[in-house]
$ cat data_13.txt   # compact mmCIF, N, CA and C atoms and all ligand atoms
# COMPACT_ATOMS: atom_id res chain seq x y z
N MET A 11 0.85 -1.18 0.00
CA MET A 11 0.00 0.00 0.00
C MET A 11 0.89 1.23 0.00
N ARG A 12 0.55 2.17 -0.83
CA ARG A 12 1.39 3.38 -0.88
C ARG A 12 1.00 4.32 0.25
N LYS A 13 1.98 5.07 0.67
CA LYS A 13 1.79 6.02 1.76
C LYS A 13 1.47 7.37 1.15
N VAL A 14 0.35 7.94 1.50
CA VAL A 14 -0.06 9.23 0.95
C VAL A 14 -0.03 10.25 2.08
N LYS A 15 0.71 11.31 1.88
CA LYS A 15 0.71 12.42 2.83
C LYS A 15 0.02 13.59 2.16
N THR A 16 -0.76 14.29 2.90
CA THR A 16 -1.43 15.46 2.35
C THR A 16 -1.59 16.49 3.45
N ASN A 17 -2.25 17.58 3.14
CA ASN A 17 -2.40 18.65 4.10
C ASN A 17 -3.86 18.96 4.35
N CYS A 18 -4.15 19.44 5.53
CA CYS A 18 -5.51 19.80 5.91
C CYS A 18 -6.00 20.93 5.00
N PRO A 19 -7.19 20.76 4.41
CA PRO A 19 -7.70 21.83 3.54
C PRO A 19 -8.06 23.10 4.30
N ASN A 20 -8.17 23.02 5.62
CA ASN A 20 -8.53 24.20 6.42
C ASN A 20 -7.31 24.93 6.96
N CYS A 21 -6.37 24.21 7.63
CA CYS A 21 -5.24 24.90 8.29
C CYS A 21 -3.89 24.61 7.63
N GLY A 22 -3.82 23.64 6.71
CA GLY A 22 -2.57 23.35 6.02
C GLY A 22 -1.65 22.41 6.75
N ALA A 23 -2.03 21.98 7.95
CA ALA A 23 -1.18 21.05 8.70
C ALA A 23 -1.11 19.71 7.98
N PRO A 24 0.02 19.00 8.13
CA PRO A 24 0.07 17.66 7.53
C PRO A 24 -0.96 16.76 8.19
N ILE A 25 -1.68 16.00 7.37
CA ILE A 25 -2.69 15.10 7.92
C ILE A 25 -2.45 13.69 7.43
N GLU A 26 -2.96 12.76 8.17
CA GLU A 26 -2.87 11.35 7.81
C GLU A 26 -4.15 10.97 7.09
N PRO A 27 -4.08 10.60 5.80
CA PRO A 27 -5.30 10.33 5.03
C PRO A 27 -6.15 9.20 5.59
N TYR A 28 -5.55 8.31 6.38
CA TYR A 28 -6.31 7.17 6.91
C TYR A 28 -7.13 7.55 8.13
N LYS A 29 -6.94 8.77 8.65
CA LYS A 29 -7.77 9.25 9.74
C LYS A 29 -8.88 10.11 9.14
N THR A 30 -9.77 10.61 9.95
CA THR A 30 -10.91 11.37 9.44
C THR A 30 -10.98 12.77 10.01
N LYS A 31 -9.99 13.15 10.80
CA LYS A 31 -10.06 14.44 11.47
C LYS A 31 -8.65 15.01 11.63
N CYS A 32 -8.49 16.29 11.29
CA CYS A 32 -7.19 16.97 11.46
C CYS A 32 -6.85 17.03 12.95
N GLU A 33 -5.62 16.60 13.29
CA GLU A 33 -5.22 16.58 14.69
C GLU A 33 -4.95 17.98 15.24
N TYR A 34 -4.77 18.98 14.36
CA TYR A 34 -4.44 20.33 14.80
C TYR A 34 -5.68 21.20 14.95
N CYS A 35 -6.59 21.19 13.95
CA CYS A 35 -7.74 22.10 14.02
C CYS A 35 -9.08 21.36 14.13
N GLY A 36 -9.07 20.05 14.02
CA GLY A 36 -10.31 19.29 14.20
C GLY A 36 -11.19 19.19 12.98
N THR A 37 -10.76 19.77 11.84
CA THR A 37 -11.55 19.69 10.62
C THR A 37 -11.69 18.23 10.20
N ARG A 38 -12.91 17.85 9.86
CA ARG A 38 -13.16 16.48 9.41
C ARG A 38 -12.92 16.39 7.91
N TYR A 39 -12.42 15.25 7.47
CA TYR A 39 -12.18 15.03 6.05
C TYR A 39 -12.38 13.56 5.73
N PHE A 40 -12.62 13.27 4.49
CA PHE A 40 -12.74 11.90 4.00
C PHE A 40 -11.88 11.83 2.76
N ASP A 41 -10.73 11.18 2.86
CA ASP A 41 -9.73 11.24 1.82
C ASP A 41 -9.77 9.97 0.95
N PHE A 42 -10.25 10.12 -0.27
CA PHE A 42 -10.36 8.99 -1.18
C PHE A 42 -9.02 8.63 -1.82
N THR A 43 -7.96 9.41 -1.59
CA THR A 43 -6.68 9.08 -2.21
C THR A 43 -6.09 7.80 -1.63
N THR A 44 -6.67 7.31 -0.53
CA THR A 44 -6.18 6.05 0.02
C THR A 44 -6.55 4.88 -0.88
N PHE A 45 -7.56 5.06 -1.75
CA PHE A 45 -7.93 4.03 -2.71
C PHE A 45 -7.14 4.22 -3.99
N ASP A 46 -6.55 3.15 -4.49
CA ASP A 46 -6.01 3.17 -5.85
C ASP A 46 -7.05 2.44 -6.69
N ILE A 47 -7.99 3.18 -7.23
CA ILE A 47 -9.16 2.61 -7.89
C ILE A 47 -8.76 1.81 -9.12
N GLU A 48 -7.63 2.13 -9.71
CA GLU A 48 -7.26 1.45 -10.95
C GLU A 48 -6.52 0.13 -10.72
N ASP A 49 -6.13 -0.17 -9.49
CA ASP A 49 -5.34 -1.40 -9.29
C ASP A 49 -6.19 -2.66 -9.21
N ASN A 50 -7.52 -2.50 -9.01
CA ASN A 50 -8.46 -3.62 -8.96
C ASN A 50 -8.13 -4.63 -7.86
N VAL A 51 -7.42 -4.19 -6.85
CA VAL A 51 -7.10 -5.04 -5.71
C VAL A 51 -8.22 -4.86 -4.68
N PRO A 52 -8.72 -5.95 -4.10
CA PRO A 52 -9.81 -5.79 -3.14
C PRO A 52 -9.37 -5.14 -1.83
N TYR A 53 -10.29 -4.40 -1.24
CA TYR A 53 -10.09 -3.75 0.04
C TYR A 53 -11.15 -4.27 1.00
N TYR A 54 -10.84 -4.30 2.28
CA TYR A 54 -11.89 -4.51 3.26
C TYR A 54 -12.58 -3.18 3.47
N ILE A 55 -13.88 -3.16 3.25
CA ILE A 55 -14.70 -1.95 3.38
C ILE A 55 -15.52 -2.10 4.64
N LYS A 56 -15.58 -1.04 5.44
CA LYS A 56 -16.34 -1.07 6.69
C LYS A 56 -17.24 0.15 6.71
N PHE A 57 -18.54 -0.07 6.91
CA PHE A 57 -19.46 1.07 6.95
C PHE A 57 -20.61 0.79 7.91
N LYS A 58 -21.21 1.89 8.39
CA LYS A 58 -22.26 1.80 9.39
C LYS A 58 -23.63 1.80 8.71
N THR A 59 -24.51 0.89 9.11
CA THR A 59 -25.88 0.85 8.62
C THR A 59 -26.82 0.83 9.82
N GLU A 60 -28.12 0.89 9.57
CA GLU A 60 -29.10 0.81 10.67
C GLU A 60 -29.04 -0.55 11.35
N GLN A 61 -28.60 -1.58 10.61
CA GLN A 61 -28.54 -2.93 11.17
C GLN A 61 -27.25 -3.18 11.94
N GLY A 62 -26.27 -2.31 11.80
CA GLY A 62 -24.99 -2.48 12.48
C GLY A 62 -23.85 -2.10 11.57
N ILE A 63 -22.64 -2.46 11.97
CA ILE A 63 -21.44 -2.17 11.18
C ILE A 63 -21.13 -3.38 10.31
N ILE A 64 -21.00 -3.13 9.01
CA ILE A 64 -20.73 -4.21 8.06
C ILE A 64 -19.29 -4.10 7.59
N THR A 65 -18.60 -5.22 7.60
CA THR A 65 -17.26 -5.32 7.02
C THR A 65 -17.32 -6.33 5.89
N THR A 66 -16.81 -5.95 4.73
CA THR A 66 -16.82 -6.86 3.59
C THR A 66 -15.58 -6.60 2.73
N LEU A 67 -15.21 -7.62 1.99
CA LEU A 67 -14.10 -7.50 1.05
C LEU A 67 -14.67 -7.08 -0.30
N ALA A 68 -14.12 -6.05 -0.93
CA ALA A 68 -14.71 -5.55 -2.18
C ALA A 68 -13.65 -4.89 -3.05
N THR A 69 -13.88 -4.95 -4.35
CA THR A 69 -13.11 -4.12 -5.26
C THR A 69 -13.90 -2.83 -5.47
N VAL A 70 -13.19 -1.78 -5.82
CA VAL A 70 -13.81 -0.47 -5.94
C VAL A 70 -13.85 -0.07 -7.41
N GLU A 71 -15.02 0.30 -7.89
CA GLU A 71 -15.16 0.77 -9.27
C GLU A 71 -15.68 2.20 -9.26
N LEU A 72 -14.91 3.09 -9.86
CA LEU A 72 -15.35 4.48 -9.99
C LEU A 72 -16.19 4.60 -11.26
N ASN A 73 -17.46 4.90 -11.10
CA ASN A 73 -18.36 5.03 -12.25
C ASN A 73 -18.33 6.43 -12.84
N GLU A 74 -18.40 7.44 -11.97
CA GLU A 74 -18.48 8.81 -12.48
C GLU A 74 -18.20 9.81 -11.36
N ILE A 75 -17.48 10.86 -11.71
CA ILE A 75 -17.34 12.02 -10.84
C ILE A 75 -17.88 13.20 -11.63
N GLU A 76 -18.83 13.90 -11.06
CA GLU A 76 -19.44 15.03 -11.76
C GLU A 76 -19.45 16.24 -10.82
N PHE A 77 -18.84 17.31 -11.25
CA PHE A 77 -18.85 18.55 -10.47
C PHE A 77 -19.91 19.47 -11.08
N ILE A 78 -20.80 19.95 -10.24
CA ILE A 78 -21.93 20.75 -10.73
C ILE A 78 -21.95 22.08 -10.00
N GLN A 79 -22.12 23.14 -10.76
CA GLN A 79 -22.38 24.45 -10.15
C GLN A 79 -23.40 25.16 -11.00
N ASP A 80 -24.39 25.71 -10.32
CA ASP A 80 -25.48 26.37 -11.01
C ASP A 80 -25.35 27.89 -10.83
N PRO A 81 -25.05 28.62 -11.89
CA PRO A 81 -24.98 30.08 -11.76
C PRO A 81 -26.38 30.70 -11.72
N VAL A 82 -26.49 31.75 -10.94
CA VAL A 82 -27.71 32.56 -10.94
C VAL A 82 -27.30 33.92 -11.49
N TYR A 83 -27.95 34.36 -12.55
CA TYR A 83 -27.57 35.61 -13.20
C TYR A 83 -28.27 36.79 -12.55
N VAL A 84 -27.52 37.85 -12.35
CA VAL A 84 -28.06 39.09 -11.81
C VAL A 84 -28.34 40.02 -12.98
N THR A 85 -29.58 40.49 -13.07
CA THR A 85 -29.96 41.31 -14.23
C THR A 85 -30.55 42.63 -13.75
N THR A 86 -30.49 43.64 -14.59
CA THR A 86 -31.15 44.92 -14.31
C THR A 86 -32.46 45.02 -15.08
N ALA A 87 -32.51 44.36 -16.20
CA ALA A 87 -33.71 44.31 -17.02
C ALA A 87 -33.69 42.97 -17.73
N PRO A 88 -34.82 42.50 -18.26
CA PRO A 88 -34.81 41.21 -18.95
C PRO A 88 -33.74 41.16 -20.03
N GLY A 89 -32.87 40.18 -19.94
CA GLY A 89 -31.82 40.01 -20.94
C GLY A 89 -30.56 40.81 -20.68
N GLU A 90 -30.52 41.67 -19.67
CA GLU A 90 -29.33 42.48 -19.38
C GLU A 90 -28.64 41.94 -18.13
N ARG A 91 -27.69 41.10 -18.34
CA ARG A 91 -26.96 40.51 -17.21
C ARG A 91 -25.85 41.46 -16.76
N ILE A 92 -25.74 41.66 -15.45
CA ILE A 92 -24.63 42.45 -14.93
C ILE A 92 -23.67 41.60 -14.12
N GLY A 93 -24.02 40.36 -13.91
CA GLY A 93 -23.11 39.48 -13.19
C GLY A 93 -23.78 38.16 -12.88
N SER A 94 -23.04 37.31 -12.21
CA SER A 94 -23.60 36.03 -11.81
C SER A 94 -22.97 35.60 -10.49
N ILE A 95 -23.68 34.79 -9.77
CA ILE A 95 -23.16 34.17 -8.55
C ILE A 95 -23.40 32.67 -8.66
N ILE A 96 -22.59 31.91 -7.96
CA ILE A 96 -22.78 30.47 -7.94
C ILE A 96 -23.68 30.16 -6.74
N ALA A 97 -24.88 29.65 -7.04
CA ALA A 97 -25.86 29.41 -6.00
C ALA A 97 -25.77 28.01 -5.42
N ASN A 98 -25.29 27.08 -6.20
CA ASN A 98 -25.35 25.69 -5.75
C ASN A 98 -24.14 24.95 -6.33
N ARG A 99 -23.32 24.40 -5.46
CA ARG A 99 -22.18 23.59 -5.91
C ARG A 99 -22.26 22.24 -5.24
N HIS A 100 -22.05 21.20 -6.00
CA HIS A 100 -21.94 19.88 -5.41
C HIS A 100 -21.19 18.94 -6.34
N CYS A 101 -20.81 17.82 -5.77
CA CYS A 101 -20.07 16.81 -6.51
C CYS A 101 -20.82 15.49 -6.37
N ASN A 102 -21.14 14.89 -7.49
CA ASN A 102 -21.74 13.56 -7.48
C ASN A 102 -20.61 12.56 -7.67
N LEU A 103 -20.43 11.72 -6.68
CA LEU A 103 -19.41 10.69 -6.74
C LEU A 103 -20.12 9.35 -6.77
N ASN A 104 -20.02 8.64 -7.88
CA ASN A 104 -20.72 7.37 -8.05
C ASN A 104 -19.68 6.25 -8.05
N VAL A 105 -19.66 5.50 -6.95
CA VAL A 105 -18.69 4.43 -6.75
C VAL A 105 -19.46 3.14 -6.45
N THR A 106 -19.02 2.05 -7.04
CA THR A 106 -19.61 0.75 -6.73
C THR A 106 -18.57 -0.10 -6.02
N PHE A 107 -18.97 -0.71 -4.90
CA PHE A 107 -18.13 -1.67 -4.20
C PHE A 107 -18.63 -3.06 -4.59
N HIS A 108 -17.81 -3.80 -5.32
CA HIS A 108 -18.17 -5.16 -5.73
C HIS A 108 -17.70 -6.11 -4.64
N THR A 109 -18.64 -6.63 -3.87
CA THR A 109 -18.26 -7.50 -2.74
C THR A 109 -17.77 -8.85 -3.26
N LEU A 110 -16.80 -9.39 -2.56
CA LEU A 110 -16.19 -10.67 -2.91
C LEU A 110 -16.29 -11.58 -1.69
N PRO A 111 -16.52 -12.84 -1.92
CA PRO A 111 -16.44 -13.74 -0.77
C PRO A 111 -15.00 -13.80 -0.29
N SER A 112 -14.77 -13.51 0.97
CA SER A 112 -13.41 -13.62 1.50
C SER A 112 -13.18 -15.06 1.92
N GLU A 113 -12.02 -15.32 2.47
CA GLU A 113 -11.74 -16.67 2.95
C GLU A 113 -12.68 -17.04 4.09
N LYS A 114 -13.20 -16.02 4.78
CA LYS A 114 -14.03 -16.28 5.96
C LYS A 114 -15.52 -16.11 5.66
N ASN A 115 -15.91 -14.92 5.18
CA ASN A 115 -17.33 -14.60 5.03
C ASN A 115 -17.54 -13.67 3.86
N LEU A 116 -18.80 -13.59 3.40
CA LEU A 116 -19.16 -12.56 2.43
C LEU A 116 -19.12 -11.19 3.10
N PHE A 117 -19.70 -11.11 4.29
CA PHE A 117 -19.56 -9.91 5.11
C PHE A 117 -19.77 -10.25 6.57
N VAL A 118 -19.31 -9.37 7.43
CA VAL A 118 -19.46 -9.52 8.86
C VAL A 118 -20.32 -8.37 9.36
N LEU A 119 -21.36 -8.68 10.12
CA LEU A 119 -22.24 -7.67 10.70
C LEU A 119 -22.01 -7.62 12.20
N GLU A 120 -21.62 -6.43 12.69
CA GLU A 120 -21.44 -6.22 14.13
C GLU A 120 -22.52 -5.27 14.60
N LYS A 121 -23.13 -5.55 15.72
CA LYS A 121 -24.18 -4.66 16.25
C LYS A 121 -23.57 -3.70 17.25
ZN ZN B 201 -6.43 21.37 10.14
$ encode --input "data_13.txt" --output "structure tokens"
Amino acid sequence: MRKVKTNCPNCGAPIEPYKTKCEYCGTRYFDFTTFDIEDNVPYYIKFKTEQGIITTLATVELNEIEFIQDPVYVTTAPGERIGSIIANRHCNLNVTFHTLPSEKNLFVLEK
């Protein structure tokens, strides 16, 4: 596994991508650079559901990343734009985790 070092997007302090919170300023982050999506090597994935915490072995497939921003135009009269502002920004990240039977289980559910 490659070691990725990066910096906190809020304070610039070095952060550990495998953690979820900057140790200096407390900013939370979720760093996808820990995945090498192109290597097709399975990862153990752990996530929380209403039924409990599920751990499963899966390969990661990136389907699509889409960055969206919707401008709102400022006008003085119909058709006369004097500027624009970005009213809505978001990123659609579409990832599929293909679960694999591990040597032990398809998945483990912890309550
Ligand atoms: Zn920070």
$ select_by_dssp --input "data_13.txt" --residues "chain A" --states "strand (DSSP E)" --output "JSON list (two decimals) with N, CA and C atoms, in the coordinates of the input"
[["chain", "number", "residue", "atom", "x", "y", "z"],
["A", 16, "THR", "N", -0.76, 14.29, 2.90],
["A", 16, "THR", "CA", -1.43, 15.46, 2.35],
["A", 16, "THR", "C", -1.59, 16.49, 3.45],
["A", 17, "ASN", "N", -2.25, 17.58, 3.14],
["A", 17, "ASN", "CA", -2.40, 18.65, 4.10],
["A", 17, "ASN", "C", -3.86, 18.96, 4.35],
["A", 24, "PRO", "N", 0.02, 19.00, 8.13],
["A", 24, "PRO", "CA", 0.07, 17.66, 7.53],
["A", 24, "PRO", "C", -0.96, 16.76, 8.19],
["A", 25, "ILE", "N", -1.68, 16.00, 7.37],
["A", 25, "ILE", "CA", -2.69, 15.10, 7.92],
["A", 25, "ILE", "C", -2.45, 13.69, 7.43],
["A", 53, "TYR", "N", -10.29, -4.40, -1.24],
["A", 53, "TYR", "CA", -10.09, -3.75, 0.04],
["A", 53, "TYR", "C", -11.15, -4.27, 1.00],
["A", 54, "TYR", "N", -10.84, -4.30, 2.28],
["A", 54, "TYR", "CA", -11.89, -4.51, 3.26],
["A", 54, "TYR", "C", -12.58, -3.18, 3.47],
["A", 55, "ILE", "N", -13.88, -3.16, 3.25],
["A", 55, "ILE", "CA", -14.70, -1.95, 3.38],
["A", 55, "ILE", "C", -15.52, -2.10, 4.64],
["A", 56, "LYS", "N", -15.58, -1.04, 5.44],
["A", 56, "LYS", "CA", -16.34, -1.07, 6.69],
["A", 56, "LYS", "C", -17.24, 0.15, 6.71],
["A", 57, "PHE", "N", -18.54, -0.07, 6.91],
["A", 57, "PHE", "CA", -19.46, 1.07, 6.95],
["A", 57, "PHE", "C", -20.61, 0.79, 7.91],
["A", 58, "LYS", "N", -21.21, 1.89, 8.39],
["A", 58, "LYS", "CA", -22.26, 1.80, 9.39],
["A", 58, "LYS", "C", -23.63, 1.80, 8.71],
["A", 59, "THR", "N", -24.51, 0.89, 9.11],
["A", 59, "THR", "CA", -25.88, 0.85, 8.62],
["A", 59, "THR", "C", -26.82, 0.83, 9.82],
["A", 62, "GLY", "N", -26.27, -2.31, 11.80],
["A", 62, "GLY", "CA", -24.99, -2.48, 12.48],
["A", 62, "GLY", "C", -23.85, -2.10, 11.57],
["A", 63, "ILE", "N", -22.64, -2.46, 11.97],
["A", 63, "ILE", "CA", -21.44, -2.17, 11.18],
["A", 63, "ILE", "C", -21.13, -3.38, 10.31],
["A", 64, "ILE", "N", -21.00, -3.13, 9.01],
["A", 64, "ILE", "CA", -20.73, -4.21, 8.06],
["A", 64, "ILE", "C", -19.29, -4.10, 7.59],
["A", 65, "THR", "N", -18.60, -5.22, 7.60],
["A", 65, "THR", "CA", -17.26, -5.32, 7.02],
["A", 65, "THR", "C", -17.32, -6.33, 5.89],
["A", 66, "THR", "N", -16.81, -5.95, 4.73],
["A", 66, "THR", "CA", -16.82, -6.86, 3.59],
["A", 66, "THR", "C", -15.58, -6.60, 2.73],
["A", 67, "LEU", "N", -15.21, -7.62, 1.99],
["A", 67, "LEU", "CA", -14.10, -7.50, 1.05],
["A", 67, "LEU", "C", -14.67, -7.08, -0.30],
["A", 68, "ALA", "N", -14.12, -6.05, -0.93],
["A", 68, "ALA", "CA", -14.71, -5.55, -2.18],
["A", 68, "ALA", "C", -13.65, -4.89, -3.05],
["A", 69, "THR", "N", -13.88, -4.95, -4.35],
["A", 69, "THR", "CA", -13.11, -4.12, -5.26],
["A", 69, "THR", "C", -13.90, -2.83, -5.47],
["A", 70, "VAL", "N", -13.19, -1.78, -5.82],
["A", 70, "VAL", "CA", -13.81, -0.47, -5.94],
["A", 70, "VAL", "C", -13.85, -0.07, -7.41],
["A", 71, "GLU", "N", -15.02, 0.30, -7.89],
["A", 71, "GLU", "CA", -15.16, 0.77, -9.27],
["A", 71, "GLU", "C", -15.68, 2.20, -9.26],
["A", 72, "LEU", "N", -14.91, 3.09, -9.86],
["A", 72, "LEU", "CA", -15.35, 4.48, -9.99],
["A", 72, "LEU", "C", -16.19, 4.60, -11.26],
["A", 73, "ASN", "N", -17.46, 4.90, -11.10],
["A", 73, "ASN", "CA", -18.36, 5.03, -12.25],
["A", 73, "ASN", "C", -18.33, 6.43, -12.84],
["A", 74, "GLU", "N", -18.40, 7.44, -11.97],
["A", 74, "GLU", "CA", -18.48, 8.81, -12.48],
["A", 74, "GLU", "C", -18.20, 9.81, -11.36],
["A", 75, "ILE", "N", -17.48, 10.86, -11.71],
["A", 75, "ILE", "CA", -17.34, 12.02, -10.84],
["A", 75, "ILE", "C", -17.88, 13.20, -11.63],
["A", 76, "GLU", "N", -18.83, 13.90, -11.06],
["A", 76, "GLU", "CA", -19.44, 15.03, -11.76],
["A", 76, "GLU", "C", -19.45, 16.24, -10.82],
["A", 77, "PHE", "N", -18.84, 17.31, -11.25],
["A", 77, "PHE", "CA", -18.85, 18.55, -10.47],
["A", 77, "PHE", "C", -19.91, 19.47, -11.08],
["A", 78, "ILE", "N", -20.80, 19.95, -10.24],
["A", 78, "ILE", "CA", -21.93, 20.75, -10.73],
["A", 78, "ILE", "C", -21.95, 22.08, -10.00],
["A", 79, "GLN", "N", -22.12, 23.14, -10.76],
["A", 79, "GLN", "CA", -22.38, 24.45, -10.15],
["A", 79, "GLN", "C", -23.40, 25.16, -11.00],
["A", 80, "ASP", "N", -24.39, 25.71, -10.32],
["A", 80, "ASP", "CA", -25.48, 26.37, -11.01],
["A", 80, "ASP", "C", -25.35, 27.89, -10.83],
["A", 81, "PRO", "N", -25.05, 28.62, -11.89],
["A", 81, "PRO", "CA", -24.98, 30.08, -11.76],
["A", 81, "PRO", "C", -26.38, 30.70, -11.72],
["A", 82, "VAL", "N", -26.49, 31.75, -10.94],
["A", 82, "VAL", "CA", -27.71, 32.56, -10.94],
["A", 82, "VAL", "C", -27.30, 33.92, -11.49],
["A", 83, "TYR", "N", -27.95, 34.36, -12.55],
["A", 83, "TYR", "CA", -27.57, 35.61, -13.20],
["A", 83, "TYR", "C", -28.27, 36.79, -12.55],
["A", 84, "VAL", "N", -27.52, 37.85, -12.35],
["A", 84, "VAL", "CA", -28.06, 39.09, -11.81],
["A", 84, "VAL", "C", -28.34, 40.02, -12.98],
["A", 85, "THR", "N", -29.58, 40.49, -13.07],
["A", 85, "THR", "CA", -29.96, 41.31, -14.23],
["A", 85, "THR", "C", -30.55, 42.63, -13.75],
["A", 86, "THR", "N", -30.49, 43.64, -14.59],
["A", 86, "THR", "CA", -31.15, 44.92, -14.31],
["A", 86, "THR", "C", -32.46, 45.02, -15.08],
["A", 87, "ALA", "N", -32.51, 44.36, -16.20],
["A", 87, "ALA", "CA", -33.71, 44.31, -17.02],
["A", 87, "ALA", "C", -33.69, 42.97, -17.73],
["A", 90, "GLU", "N", -30.52, 41.67, -19.67],
["A", 90, "GLU", "CA", -29.33, 42.48, -19.38],
["A", 90, "GLU", "C", -28.64, 41.94, -18.13],
["A", 91, "ARG", "N", -27.69, 41.10, -18.34],
["A", 91, "ARG", "CA", -26.96, 40.51, -17.21],
["A", 91, "ARG", "C", -25.85, 41.46, -16.76],
["A", 92, "ILE", "N", -25.74, 41.66, -15.45],
["A", 92, "ILE", "CA", -24.63, 42.45, -14.93],
["A", 92, "ILE", "C", -23.67, 41.60, -14.12],
["A", 93, "GLY", "N", -24.02, 40.36, -13.91],
["A", 93, "GLY", "CA", -23.11, 39.48, -13.19],
["A", 93, "GLY", "C", -23.78, 38.16, -12.88],
["A", 94, "SER", "N", -23.04, 37.31, -12.21],
["A", 94, "SER", "CA", -23.60, 36.03, -11.81],
["A", 94, "SER", "C", -22.97, 35.60, -10.49],
["A", 95, "ILE", "N", -23.68, 34.79, -9.77],
["A", 95, "ILE", "CA", -23.16, 34.17, -8.55],
["A", 95, "ILE", "C", -23.40, 32.67, -8.66],
["A", 96, "ILE", "N", -22.59, 31.91, -7.96],
["A", 96, "ILE", "CA", -22.78, 30.47, -7.94],
["A", 96, "ILE", "C", -23.68, 30.16, -6.74],
["A", 97, "ALA", "N", -24.88, 29.65, -7.04],
["A", 97, "ALA", "CA", -25.86, 29.41, -6.00],
["A", 97, "ALA", "C", -25.77, 28.01, -5.42],
["A", 98, "ASN", "N", -25.29, 27.08, -6.20],
["A", 98, "ASN", "CA", -25.35, 25.69, -5.75],
["A", 98, "ASN", "C", -24.14, 24.95, -6.33],
["A", 99, "ARG", "N", -23.32, 24.40, -5.46],
["A", 99, "ARG", "CA", -22.18, 23.59, -5.91],
["A", 99, "ARG", "C", -22.26, 22.24, -5.24],
["A", 100, "HIS", "N", -22.05, 21.20, -6.00],
["A", 100, "HIS", "CA", -21.94, 19.88, -5.41],
["A", 100, "HIS", "C", -21.19, 18.94, -6.34],
["A", 101, "CYS", "N", -20.81, 17.82, -5.77],
["A", 101, "CYS", "CA", -20.07, 16.81, -6.51],
["A", 101, "CYS", "C", -20.82, 15.49, -6.37],
["A", 102, "ASN", "N", -21.14, 14.89, -7.49],
["A", 102, "ASN", "CA", -21.74, 13.56, -7.48],
["A", 102, "ASN", "C", -20.61, 12.56, -7.67],
["A", 103, "LEU", "N", -20.43, 11.72, -6.68],
["A", 103, "LEU", "CA", -19.41, 10.69, -6.74],
["A", 103, "LEU", "C", -20.12, 9.35, -6.77],
["A", 104, "ASN", "N", -20.02, 8.64, -7.88],
["A", 104, "ASN", "CA", -20.72, 7.37, -8.05],
["A", 104, "ASN", "C", -19.68, 6.25, -8.05],
["A", 105, "VAL", "N", -19.66, 5.50, -6.95],
["A", 105, "VAL", "CA", -18.69, 4.43, -6.75],
["A", 105, "VAL", "C", -19.46, 3.14, -6.45],
["A", 106, "THR", "N", -19.02, 2.05, -7.04],
["A", 106, "THR", "CA", -19.61, 0.75, -6.73],
["A", 106, "THR", "C", -18.57, -0.10, -6.02],
["A", 107, "PHE", "N", -18.97, -0.71, -4.90],
["A", 107, "PHE", "CA", -18.13, -1.67, -4.20],
["A", 107, "PHE", "C", -18.63, -3.06, -4.59],
["A", 108, "HIS", "N", -17.81, -3.80, -5.32],
["A", 108, "HIS", "CA", -18.17, -5.16, -5.73],
["A", 108, "HIS", "C", -17.70, -6.11, -4.64],
["A", 109, "THR", "N", -18.64, -6.63, -3.87],
["A", 109, "THR", "CA", -18.26, -7.50, -2.74],
["A", 109, "THR", "C", -17.77, -8.85, -3.26],
["A", 110, "LEU", "N", -16.80, -9.39, -2.56],
["A", 110, "LEU", "CA", -16.19, -10.67, -2.91],
["A", 110, "LEU", "C", -16.29, -11.58, -1.69],
["A", 117, "PHE", "N", -19.70, -11.11, 4.29],
["A", 117, "PHE", "CA", -19.56, -9.91, 5.11],
["A", 117, "PHE", "C", -19.77, -10.25, 6.57],
["A", 118, "VAL", "N", -19.31, -9.37, 7.43],
["A", 118, "VAL", "CA", -19.46, -9.52, 8.86],
["A", 118, "VAL", "C", -20.32, -8.37, 9.36],
["A", 119, "LEU", "N", -21.36, -8.68, 10.12],
["A", 119, "LEU", "CA", -22.24, -7.67, 10.70],
["A", 119, "LEU", "C", -22.01, -7.62, 12.20],
["A", 120, "GLU", "N", -21.62, -6.43, 12.69],
["A", 120, "GLU", "CA", -21.44, -6.22, 14.13],
["A", 120, "GLU", "C", -22.52, -5.27, 14.60]]
$ closest_atom_pairs --input "data_13.txt" --of "chain A" --to "ligand ZN 201 (chain B)" --cutoff "12 Å" --atoms "only C-alpha atoms and all ligand atoms" --output "Markdown table"
| residue | atom | partner | partner_atom | distance |
| --- | --- | --- | --- | --- |
| A:Thr16 | CA | B:ZN201 | ZN | 11.0 |
| A:Asn17 | CA | B:ZN201 | ZN | 7.8 |
| A:Cys18 | CA | B:ZN201 | ZN | 4.6 |
| A:Pro19 | CA | B:ZN201 | ZN | 6.7 |
| A:Asn20 | CA | B:ZN201 | ZN | 5.1 |
| A:Cys21 | CA | B:ZN201 | ZN | 4.2 |
| A:Gly22 | CA | B:ZN201 | ZN | 6.0 |
| A:Ala23 | CA | B:ZN201 | ZN | 5.5 |
| A:Pro24 | CA | B:ZN201 | ZN | 7.9 |
| A:Ile25 | CA | B:ZN201 | ZN | 7.6 |
| A:Glu26 | CA | B:ZN201 | ZN | 10.9 |
| A:Thr30 | CA | B:ZN201 | ZN | 11.0 |
| A:Lys31 | CA | B:ZN201 | ZN | 7.9 |
| A:Cys32 | CA | B:ZN201 | ZN | 4.7 |
| A:Glu33 | CA | B:ZN201 | ZN | 6.7 |
| A:Tyr34 | CA | B:ZN201 | ZN | 5.2 |
| A:Cys35 | CA | B:ZN201 | ZN | 4.2 |
| A:Gly36 | CA | B:ZN201 | ZN | 6.0 |
| A:Thr37 | CA | B:ZN201 | ZN | 5.4 |
| A:Arg38 | CA | B:ZN201 | ZN | 8.4 |
| A:Tyr39 | CA | B:ZN201 | ZN | 9.5 |
$ residues_near_point --input "data_13.txt" --point "(-12.3, 10.1, 3.7)" --cutoff "9 Å" --atoms "only C-alpha atoms" --output "VMD selection string"
chain A and resid 27 to 30 38 to 44
$ atom_distance --input "data_13.txt" --atom1 "atom C of A:Phe107" --atom2 "atom CA of A:Glu60"
18.9 Å
$ axis_aligned_box --input "data_13.txt" --around "stretch 101-104 of chain A" --padding-each-side "8 Å" --output "AutoDock Vina command-line options"
--center_x -20.6 --center_y 12.0 --center_z -6.9 --size_x 18.3 --size_y 27.6 --size_z 18.3
$ atom_distance --input "data_13.txt" --atom1 "atom N of A:Asn50" --atom2 "atom C of A:Glu76"
22.3 Å
